[in-house]
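Here the structure comes first, spelled out in structure tokens, and everything after it is commentary.
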Amino acid sequence: MPSKRDFYDVLGVPKGSSADDIKKAYRQKAKDCHPDLHPDDANAVQKMQEVNEAYEVLSDDKKKARYDQYGHAGVDPNNAGGFGGGNPFGGFGSGFGGEEIDLGDILGSFFGGGQSRRNPTAPRRGEDVQIRVNLTFLEAAKGCRKTVSYKRVENCPECSGSGAAKGTTAQTCTQCGGRGSVTVTKTMLGMNMRSEQPCPVCHGRGKVITSPCHTCKGNGQVAKSVSTEVDVPAGIDDRQVLNVRGGGSTGANGGPPGSLHMVMAVQQDVFFERDGFNIWCEYPISYATAALGGKAQVSTIDGKAAFDIPAGTQPGKVFSLKGKGIPVLNGRGRGDQFIRISIAVPEYLNIQQKELLRAFEASFGDANSLFDHGKSGLFGKKK
């Protein structure tokens with residue numbers, strides 16, 4: 001029969017560790033090998049028995065002193081010098097040295113950070129509400145004031161949020177004493193495991209309403225449609241979110257309201273195209289204007305703006321208007337507007353226009369020279 005491992009090694013603590021360190025180590029080991037948490041481990045029960053036995057001894061000051069002095073012989077019930085009457089499972093069914101283990105604490109720390117129990121009467125923040133707000137390109141670029149409508153939860157106007165009918169009040173639950181939860185102890189594999197569960201009488205509320213409000217059916221809150229005006233800042237973009245603190249649902253037990261999250265949905269424009277805080281647009285001009293040059297007016301988000309087109313402007317040429325772009329959101333300055341030139345080719349010509357165009361083309365000689373950049377054709381270099 002294999003010899004027993006040192007109890008300090010079983011829990012992974014050095015000799016002389018404090019009671020708190022031993023308890024912390026036990027809880028960690030219980031997570032690591034508890035059969036309910038590791039159903040696929042065939043040795044989990046045996047490991048848990050070893051951990052429980054070690055903890056039962058080391059958590060008891062008298063047993064721990066005998067173990068430190070005599071080793072396993074000092075706590076072996078089969079020994080005359082032992083403590084006698086022991087449990088071969090080292091605490092199974094005995095509460096691990098006189099105390100029950102809270103399964104909620106073990107499971108809670110196993111899944112991260114321990115178990116938190118919500119006080120049902122504590123103030124709770126209201127739920128956030130998210131809505132979609134449609135904007136035109138110019139509304140987003142220049143900013144605007146919008147009226148938005150949405151639904152949120154508010155305290156019932158009939159009972160002022162108590163859930164009880166007028167003239168009555170909610171009573172503290174006698175089952176849980178107003179805690180909203182009850183302690184349930186179950187025996188699992190010989191261990192007394194304690195956990196917190198919602199109170200079956202008040203369903204976790206901590207109070208019992210004998211005469212519920214007819215408007216909210218005892219919930220204390222109702223859904224309500226509301227409308228409000230909001231200022232949309234200039235420069236906001238598609239899918240950006242504008243938050244309104246306090247615009248969400250009402251909190252419970254005097255808690256603060258949630259927030260309203262407005263997700264912007266900016267429509268595309270037929271002329272403007274946004275690129276960050278810059279604006280791009282395509283501006284068609286006639287062939288004559290491209291060849292001879294001239295003045296033009298282009299639309300901006302602020303109205304018309306004039307710019308010069310030099311003679312010989314080619315398709316794809318880009319001009320810029322400084323400071324005519326999108327205002328920087330919550331900042332200073334603006335982007336630029338870039339104008340990409342295209343040539344408007346007429347689809348229909350009358351006989352006279354066709355003759356004039358042919359004569360114009362013939363004036364350059366060989367038609368192929370129009371596209372020879374090495375010669376003095378229409379698109380060539382001037383000699």
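Please note that chains go A, B, ... in the order of the structure tokens, that every chain numbers its residues from 1, and that ligands are numbered from 1 in the order shown.
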
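For Pro257 (chain A), the set of protein, DNA and RNA residues having any atom at most 8 Å away, when counting only C-alpha atoms and skipping those fewer than 5 positions along the same chain, is Arg125, Gly126, Glu127, Gly246, Gly247, Gly248, Ser249, Thr250 and Gly251 of chain A.
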
Keeping C-alpha atoms for every residue in the selection just given, could you write it to a file as a PDB file, in the first residue's frame?
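Resulting contents of part.pdb:
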ATOM      1  CA  ARG A 125     -28.489  51.395 -13.113  1.00  0.00           C
ATOM      2  CA  GLY A 126     -31.102  51.377 -15.853  1.00  0.00           C
ATOM      3  CA  GLU A 127     -30.616  49.602 -19.156  1.00  0.00           C
ATOM      4  CA  GLY A 246     -29.409  59.598 -18.783  1.00  0.00           C
ATOM      5  CA  GLY A 247     -31.443  59.066 -21.949  1.00  0.00           C
ATOM      6  CA  GLY A 248     -31.917  55.331 -21.366  1.00  0.00           C
ATOM      7  CA  SER A 249     -34.250  53.375 -19.106  1.00  0.00           C
ATOM      8  CA  THR A 250     -34.930  54.373 -15.506  1.00  0.00           C
ATOM      9  CA  GLY A 251     -32.856  52.614 -12.854  1.00  0.00           C
TER      10      GLY A 251
END

* To do: Find the residues around His72 (chain A) up to 9 Å (only C-alpha atoms counted), leave out those fewer than 4 positions away in its own chain, and share them as JSON, numbers by chain.
  => {"A": [4, 6, 7, 66, 67, 68, 76, 82]}

Separation of CA of Lys146 (chain A) from CA of Val266 (chain A) in Å: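 Between CA of Val266 (chain A) and CA of Lys146 (chain A) the gap works out to 13.4 Å.
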
With only C-alpha atoms as the counted atoms, please give the residues lying no more than 12 Å from Gly167 (chain A), apart from itself and same-chain residues fewer than 5 positions off, as a compact mmCIF listing (two decimals) with C-alpha atoms, in the first residue's frame.
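Dumped to around-v5.txt:
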# COMPACT_ATOMS: atom_id res chain seq x y z
CA GLU A 158 -49.56 54.68 -11.12
CA CYS A 159 -47.47 53.18 -8.31
CA SER A 162 -43.22 50.32 -6.09
CA THR A 210 -49.78 41.05 -2.12
CA SER A 211 -51.78 43.64 -4.10
CA PRO A 212 -49.95 44.36 -7.36
CA CYS A 213 -50.48 47.57 -9.32

Open item on the list: What's around Leu138 (chain A) at 9 Å? Count only C-alpha atoms, leave out sequence neighbours fewer than 5 positions away in its own chain, and write the answer as a list in words.
Closed with: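 With the cut-off at 9 Å, the set is Gly143, Cys144, Asp269 and Ile301 of chain A.
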
Using C-alpha atoms, can you write the selected residues to a file as a PDB file, in the first residue's frame?
ATOM      1  CA  GLY A 143     -24.386  69.318 -37.938  1.00  0.00           C
ATOM      2  CA  CYS A 144     -28.074  69.572 -37.173  1.00  0.00           C
ATOM      3  CA  ASP A 269     -24.643  61.811 -51.670  1.00  0.00           C
ATOM      4  CA  ILE A 301     -21.248  71.955 -48.478  1.00  0.00           C
TER       5      ILE A 301
END

Just the strand (DSSP E or B) stuff from region 166-358 of chain A, please, per backbone DSSP, written as a ChimeraX atom specification. /A:171-172,181-188,191-198,207-208,212,221-232,241-244,252,260-266,273-275,278-285,294-300,303-309,318-321,327,334,337-343

For Phe271 (chain A), the closest of A:Glu347, A:Phe137, A:Gln175, A:Ala19 counting only C-alpha atoms is A:Phe137

Ser286 (chain A) environment, 7 Å, only C-alpha atoms, sequence neighbours closer than 3 positions dropped, as a PyMOL selection string | chain A and resi 289-290+343-344

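Among the candidates A:Thr187, A:Gln267, A:Gln197, A:Thr136, the residue lying nearest to Val232 (chain A) is A:Thr136 (atoms considered: only C-alpha atoms).
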
Enumerate as a count of residues only all residues of region 163-327 of chain A assigned to alpha helix (DSSP H) by DSSP on the backbone, naming them with the chain letters and numbers the document uses. 6

Could you pull the residues within 10 Å of Ile309 (chain A), counting only C-alpha atoms, minus those fewer than 4 positions along the same chain, as a PyMOL selection string?
chain A and resi 285+289-296+313+317+319+341

Quick one: residues within 7 Å of Cys173 (chain A), only C-alpha atoms counted, chain neighbours fewer than 4 positions away excluded, as a PDB file with C-alpha atoms, in the first residue's frame?
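The result, stored in part34.pdb:
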ATOM      1  CA  GLY A 177     -35.448  38.285   5.159  1.00  0.00           C
ATOM      2  CA  GLY A 178     -35.264  40.685   2.235  1.00  0.00           C
ATOM      3  CA  CYS A 202     -40.136  36.562  -3.696  1.00  0.00           C
ATOM      4  CA  GLY A 206     -36.534  40.601  -1.416  1.00  0.00           C
ATOM      5  CA  LYS A 207     -40.115  41.843  -1.132  1.00  0.00           C
ATOM      6  CA  VAL A 208     -43.545  40.347  -1.605  1.00  0.00           C
TER       7      VAL A 208
END

Correct to one decimal, the distance CA of Pro346 (chain A)-CA of Arg358 (chain A) is 14.5 Å

Here CA of Lys324 (chain A) and CA of Asn278 (chain A) stand apart by 8.2 Å
